[in-house]
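As provided, my_file22.txt (compact mmCIF, C-alpha atoms) reads as follows.
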```txt
# COMPACT_ATOMS: atom_id res chain seq x y z
CA MET C 1 7.58 32.59 -10.84
CA ASP C 2 11.36 32.20 -10.82
CA SER C 3 11.30 31.36 -7.11
CA LEU C 4 8.65 28.68 -7.72
CA VAL C 5 10.74 27.11 -10.50
CA THR C 6 13.81 27.22 -8.26
CA SER C 7 11.93 25.58 -5.39
CA LEU C 8 10.57 22.84 -7.69
CA SER C 9 14.03 22.20 -9.11
CA ALA C 10 15.50 21.96 -5.62
CA GLY C 11 12.73 19.58 -4.54
CA LEU C 12 13.26 17.36 -7.58
CA ALA C 13 17.00 17.31 -6.91
CA VAL C 14 16.42 16.17 -3.31
CA CYS C 15 14.02 13.45 -4.50
CA ARG C 16 16.53 12.30 -7.12
CA VAL C 17 19.25 11.97 -4.49
CA ALA C 18 16.93 10.01 -2.19
CA VAL C 19 16.05 7.59 -5.01
CA VAL C 20 19.63 7.14 -6.26
CA ASP C 21 21.15 6.70 -2.80
CA ASN C 22 18.52 4.10 -1.84
CA GLY C 23 18.12 2.34 -5.17
CA GLY C 24 18.89 -1.07 -3.67
CA LEU C 25 16.22 -0.69 -0.98
CA LEU C 26 13.63 0.54 -3.48
CA SER C 27 14.31 -2.41 -5.78
CA SER C 28 14.08 -4.85 -2.87
CA LEU C 29 10.79 -3.39 -1.65
CA PHE C 30 9.36 -3.45 -5.17
CA LEU C 31 10.27 -7.14 -5.49
CA THR C 32 8.85 -7.80 -2.01
CA GLY C 33 5.53 -6.33 -3.10
CA LEU C 34 5.63 -8.09 -6.48
CA ILE C 35 6.34 -11.56 -5.06
CA GLY C 36 4.43 -11.23 -1.79
CA SER C 37 1.29 -9.93 -3.45
CA ALA C 38 0.99 -13.02 -5.64
CA SER C 39 0.24 -15.16 -2.59
CA HIS C 40 -0.79 -12.74 0.15
CA CYS C 41 -2.45 -9.66 -1.36
CA THR C 42 -4.61 -11.63 -3.78
CA GLY C 43 -6.22 -13.38 -0.82
CA MET C 44 -6.39 -10.45 1.58
CA CYS C 45 -7.16 -7.55 -0.77
CA GLY C 46 -8.68 -9.59 -3.63
CA PRO C 47 -12.22 -9.37 -2.18
CA PHE C 48 -11.91 -5.56 -1.99
CA VAL C 49 -10.87 -5.47 -5.65
CA LEU C 50 -13.67 -7.80 -6.78
CA SER C 51 -16.24 -5.75 -4.86
CA GLN C 52 -15.15 -2.62 -6.71
CA VAL C 53 -15.14 -4.45 -10.04
CA ALA C 54 -18.72 -5.61 -9.44
CA ALA C 55 -19.85 -2.12 -8.41
CA ARG C 56 -18.29 -0.60 -11.53
CA LEU C 57 -19.91 -3.20 -13.80
CA GLU C 58 -23.33 -2.47 -12.33
CA ARG C 59 -22.97 1.18 -13.36
CA VAL C 60 -22.33 0.39 -17.04
CA PRO C 61 -25.15 -1.09 -19.20
CA ALA C 62 -24.18 -4.20 -21.14
CA ALA C 63 -24.81 -2.37 -24.42
CA GLY C 64 -22.42 0.40 -23.40
CA MET C 65 -19.62 -1.87 -22.22
CA SER C 66 -16.38 -1.25 -24.11
CA GLU C 67 -12.78 -2.39 -23.82
CA TRP C 68 -11.99 0.92 -22.13
CA HIS C 69 -14.55 0.17 -19.41
CA ARG C 70 -13.06 -3.28 -18.97
CA LEU C 71 -9.48 -2.01 -18.72
CA SER C 72 -10.29 0.88 -16.38
CA GLY C 73 -12.50 -1.37 -14.27
CA ALA C 74 -9.72 -3.93 -13.84
CA ALA C 75 -6.99 -1.35 -13.25
CA LEU C 76 -8.82 0.51 -10.42
CA VAL C 77 -6.33 3.36 -10.70
CA PRO C 78 -7.88 5.62 -8.01
CA TYR C 79 -7.91 2.74 -5.50
CA HIS C 80 -4.23 1.92 -6.07
CA LEU C 81 -3.27 5.60 -5.89
CA GLY C 82 -5.09 5.80 -2.56
CA ARG C 83 -3.19 2.78 -1.22
CA ALA C 84 0.09 4.28 -2.41
CA THR C 85 -0.76 7.52 -0.60
CA SER C 86 -1.35 5.68 2.69
CA TYR C 87 1.82 3.64 2.32
CA ALA C 88 3.88 6.74 1.53
CA VAL C 89 2.49 8.54 4.59
CA LEU C 90 3.26 5.53 6.80
CA GLY C 91 6.76 5.36 5.32
CA ALA C 92 7.42 9.04 5.90
CA VAL C 93 6.24 8.84 9.53
CA GLY C 94 8.23 5.65 10.15
CA GLY C 95 11.39 7.02 8.57
CA ALA C 96 11.11 10.32 10.44
CA ALA C 97 10.54 8.52 13.77
CA ALA C 98 13.52 6.25 13.15
CA GLY C 99 15.63 9.28 12.24
CA ILE C 100 14.69 11.03 15.49
CA LEU C 101 15.54 7.94 17.53
CA ALA C 102 18.78 7.55 15.61
CA GLY C 103 19.70 11.10 16.60
CA TRP C 104 20.01 9.88 20.16
CA GLY C 105 22.77 7.50 19.09
CA GLY C 106 23.04 3.88 18.03
CA PHE C 107 21.58 4.25 14.53
CA ARG C 108 23.25 1.06 13.31
CA PHE C 109 21.62 -0.93 16.11
CA LEU C 110 18.22 0.62 15.38
CA ALA C 111 18.52 -0.06 11.64
CA ALA C 112 19.57 -3.65 12.32
CA ALA C 113 16.62 -4.13 14.70
CA LEU C 114 14.16 -2.79 12.09
CA LEU C 115 15.59 -5.01 9.37
CA ALA C 116 15.40 -8.01 11.71
CA LEU C 117 11.77 -7.14 12.43
CA ALA C 118 11.08 -6.95 8.69
CA ALA C 119 12.65 -10.39 8.25
CA MET C 120 10.50 -11.80 11.05
CA PHE C 121 7.31 -10.51 9.46
CA LEU C 122 8.32 -11.97 6.10
CA MET C 123 9.05 -15.32 7.74
CA GLY C 124 5.68 -15.07 9.44
CA MET C 125 4.02 -14.95 6.02
CA ALA C 126 5.31 -18.47 5.38
CA VAL C 127 5.27 -20.06 8.84
CA PRO C 128 1.80 -20.18 10.45
CA ARG C 129 3.12 -20.49 14.01
CA LEU C 130 5.14 -17.31 13.63
CA LYS C 131 1.99 -15.50 12.53
CA LEU C 132 0.45 -16.23 15.91
CA LEU C 133 3.55 -15.04 17.77
CA LEU C 134 3.73 -11.84 15.73
CA GLY C 135 0.01 -11.17 16.06
CA THR C 136 -0.60 -11.12 12.31
CA ALA C 137 -2.73 -14.25 12.12
CA PRO C 138 -6.40 -13.61 11.25
CA ALA C 139 -7.69 -14.52 14.74
CA GLY C 140 -10.82 -12.38 14.62
CA GLU C 141 -11.31 -8.82 13.48
CA SER C 142 -9.58 -6.15 15.58
CA TRP C 143 -11.23 -2.91 16.66
CA TRP C 144 -8.92 -1.06 14.27
CA SER C 145 -10.02 -3.17 11.29
CA ARG C 146 -13.66 -2.65 12.25
CA SER C 147 -13.15 1.11 12.47
CA VAL C 148 -11.46 1.26 9.06
CA GLY C 149 -14.21 -0.96 7.65
CA ARG C 150 -16.94 1.38 8.88
CA LEU C 151 -15.26 4.33 7.18
CA ALA C 152 -14.65 2.48 3.93
CA ARG C 153 -17.96 0.61 3.60
CA PRO C 154 -20.06 3.49 2.12
CA LEU C 155 -17.43 4.08 -0.59
CA PHE C 156 -17.82 0.61 -2.12
CA ALA C 157 -21.14 1.59 -3.70
CA SER C 158 -19.44 3.93 -6.17
CA PRO C 159 -15.65 3.38 -6.05
CA THR C 160 -14.67 5.80 -8.80
CA GLY C 161 -12.74 9.08 -8.85
CA TRP C 162 -12.03 10.62 -5.47
CA ARG C 163 -14.21 8.01 -3.77
CA GLY C 164 -12.01 5.23 -5.14
CA TRP C 165 -8.91 7.11 -4.00
CA LEU C 166 -10.35 7.62 -0.52
CA LEU C 167 -11.33 3.96 -0.37
CA GLY C 168 -7.76 2.96 -1.20
CA MET C 169 -6.45 5.33 1.45
CA PHE C 170 -8.67 3.87 4.17
CA LEU C 171 -7.95 0.26 3.21
CA GLY C 172 -4.23 1.05 3.12
CA PHE C 173 -4.32 1.28 6.92
CA ILE C 174 -5.75 -2.22 7.45
CA PRO C 175 -3.31 -4.38 9.49
CA CYS C 176 -1.12 -6.49 7.22
CA GLY C 177 2.01 -8.51 7.99
CA LEU C 178 3.53 -7.94 4.54
CA LEU C 179 2.97 -4.20 4.92
CA TYR C 180 4.60 -4.22 8.37
CA ALA C 181 7.67 -5.95 6.92
CA ALA C 182 8.02 -3.38 4.13
CA LEU C 183 7.47 -0.50 6.55
CA ALA C 184 10.12 -1.76 8.97
CA ALA C 185 12.64 -2.12 6.14
CA ALA C 186 11.83 1.33 4.75
CA ALA C 187 12.02 3.00 8.18
CA ALA C 188 15.50 1.50 8.66
CA THR C 189 16.80 4.26 6.37
CA GLY C 190 16.11 6.79 9.11
CA ASP C 191 15.04 9.25 6.41
CA ALA C 192 11.40 10.28 5.88
CA LEU C 193 11.73 10.93 2.14
CA ALA C 194 13.67 7.76 1.37
CA SER C 195 11.25 5.71 3.46
CA ALA C 196 8.26 7.23 1.65
CA PHE C 197 9.79 6.39 -1.75
CA GLY C 198 10.49 2.88 -0.50
CA MET C 199 6.84 2.39 0.40
CA LEU C 200 5.78 3.77 -2.98
CA ALA C 201 8.02 1.15 -4.61
CA PHE C 202 6.40 -1.52 -2.45
CA ALA C 203 2.92 -0.29 -3.43
CA ALA C 204 3.88 -0.39 -7.12
CA GLY C 205 5.01 -3.99 -6.70
CA THR C 206 1.62 -5.05 -5.34
CA VAL C 207 -0.34 -3.56 -8.25
CA PRO C 208 0.15 -6.23 -10.98
CA ALA C 209 -1.30 -9.09 -8.91
CA LEU C 210 -4.34 -7.03 -7.87
CA VAL C 211 -4.91 -5.83 -11.44
CA ALA C 212 -4.84 -9.49 -12.49
CA VAL C 213 -7.52 -10.22 -9.86
CA GLY C 214 -9.63 -7.39 -11.26
CA ALA C 215 -9.17 -8.69 -14.81
CA VAL C 216 -10.28 -12.17 -13.74
CA GLY C 217 -13.33 -10.60 -12.08
CA HIS C 218 -14.25 -8.86 -15.32
CA PHE C 219 -13.73 -12.04 -17.31
CA ALA C 220 -15.96 -13.96 -14.92
```
Same coordinates, now as structure tokens:
Amino acid sequence: MDSLVTSLSAGLAVCRVAVVDNGGLLSSLFLTGLIGSASHCTGMCGPFVLSQVAARLERVPAAGMSEWHRLSGAALVPYHLGRATSYAVLGAVGGAAAGILAGWGGFRFLAAALLALAAMFLMGMAVPRLKLLLGTAPAGESWWSRSVGRLARPLFASPTGWRGWLLGMFLGFIPCGLLYAALAAAAATGDALASAFGMLAFAAGTVPALVAVGAVGHFA
């Protein structure tokens, strides 16, 4: 028992250091998600949110509808937790890969290149021609998007509990320019844990806009 408590304390201490040392990056990624989601995520992920809202409403009789059902239906907590899980995994892999490459020398150049890539993706969100150059323009559905769609489609029928979480996890891997920008910036730390926390901050920033979409769906 004592060893478990010691291990947990050590793990929390490491996490605290990662958050404190990268507070500026976490704040920036949170703001990126908060601002970017208002224009980008509402259009790209809004249909996924509205589909889940509709499916949840169909499961609750009108006579049994309460404010709790409305709030939980709009919040879609399992779905957002699933997205956050995917983003954290991507961040950890990206940060670890960048750290390995940095071990071969030239970390400053690698970090600068990743930050420049993040800036390019963010610019691409605003400039249509850059979207085509970066390959993030919606020019037809890719094989990857189709594969993710096939896995996620059966979960839309009942997107609650673990099914909602799994749905969020699958949809978290759909190609997205804003996500690429956040991932490149997070990976620039060269640290798996810091990068994962950065992507969690980004995910948290995207939640308010999508909850607002869900609330509008319930109101409609």
Mind pulling up the distance from atom CA of Ala186 of chain C to atom CA of Gly91 of chain C?
6.5 Å
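Note that the spacing between atom CA of Ala203 of chain C and atom CA of Gly33 of chain C amounts to 6.6 Å.
Here atom CA of His218 of chain C is placed at a distance of 27.5 Å from atom CA of Ser145 of chain C.
With all atoms listed in the file as the basis for measurement, C:Ser158 is the residue among C:Ser28, C:Thr6, C:Ser39, C:Ser158 that approaches Pro78 of chain C most closely.
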May I have the residues within 9 Å of Ala97 of chain C as a ChimeraX atom specification, using all atoms listed in the file and disregarding those fewer than 3 positions away in the same chain?
/C:92-94,100-102,187,190-192
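With distances restricted to only C-alpha atoms, C:Ala55 is the closest residue to Pro159 of chain C from C:Met44, C:Ala55, C:Leu12, C:Leu26.
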As a VMD selection string, please: the residues near Leu179 of chain C (cut-off 9 Å, all atoms listed in the file, same-chain neighbours under 5 positions excluded).
chain C and resid 33 87 121 184 199 202
Could you pull the residues within 12 Å of Asp21 of chain C, counting all atoms listed in the file, minus those fewer than 5 positions along the same chain, as a list in words?
Val14, Cys15, Arg16, Leu26, Ser27, Thr189, Asp191, Leu193, Ala194, Ser195, Phe197 and Gly198 of chain C
Measuring atom to atom with all atoms listed in the file, identify which of C:Val207, C:Val89, C:Ala215, C:Ala201 is nearest to Leu25 of chain C.
C:Ala201
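Nearest to Leu50 of chain C of all the residues C:Val148, C:Leu29, C:Leu76, C:Ala84 is C:Leu76, based on all atoms listed in the file.
Restricting the calculation to all atoms listed in the file, the smallest distance between Asn22 of chain C and any of C:Leu167, C:Leu155, C:Ala209, C:Ala196 is found for C:Ala196.
You can rank C:Thr42, C:Phe170, C:Thr32, C:Val213 by their closest distance to Arg150 of chain C using only C-alpha atoms, and at the top of that list sits C:Phe170.
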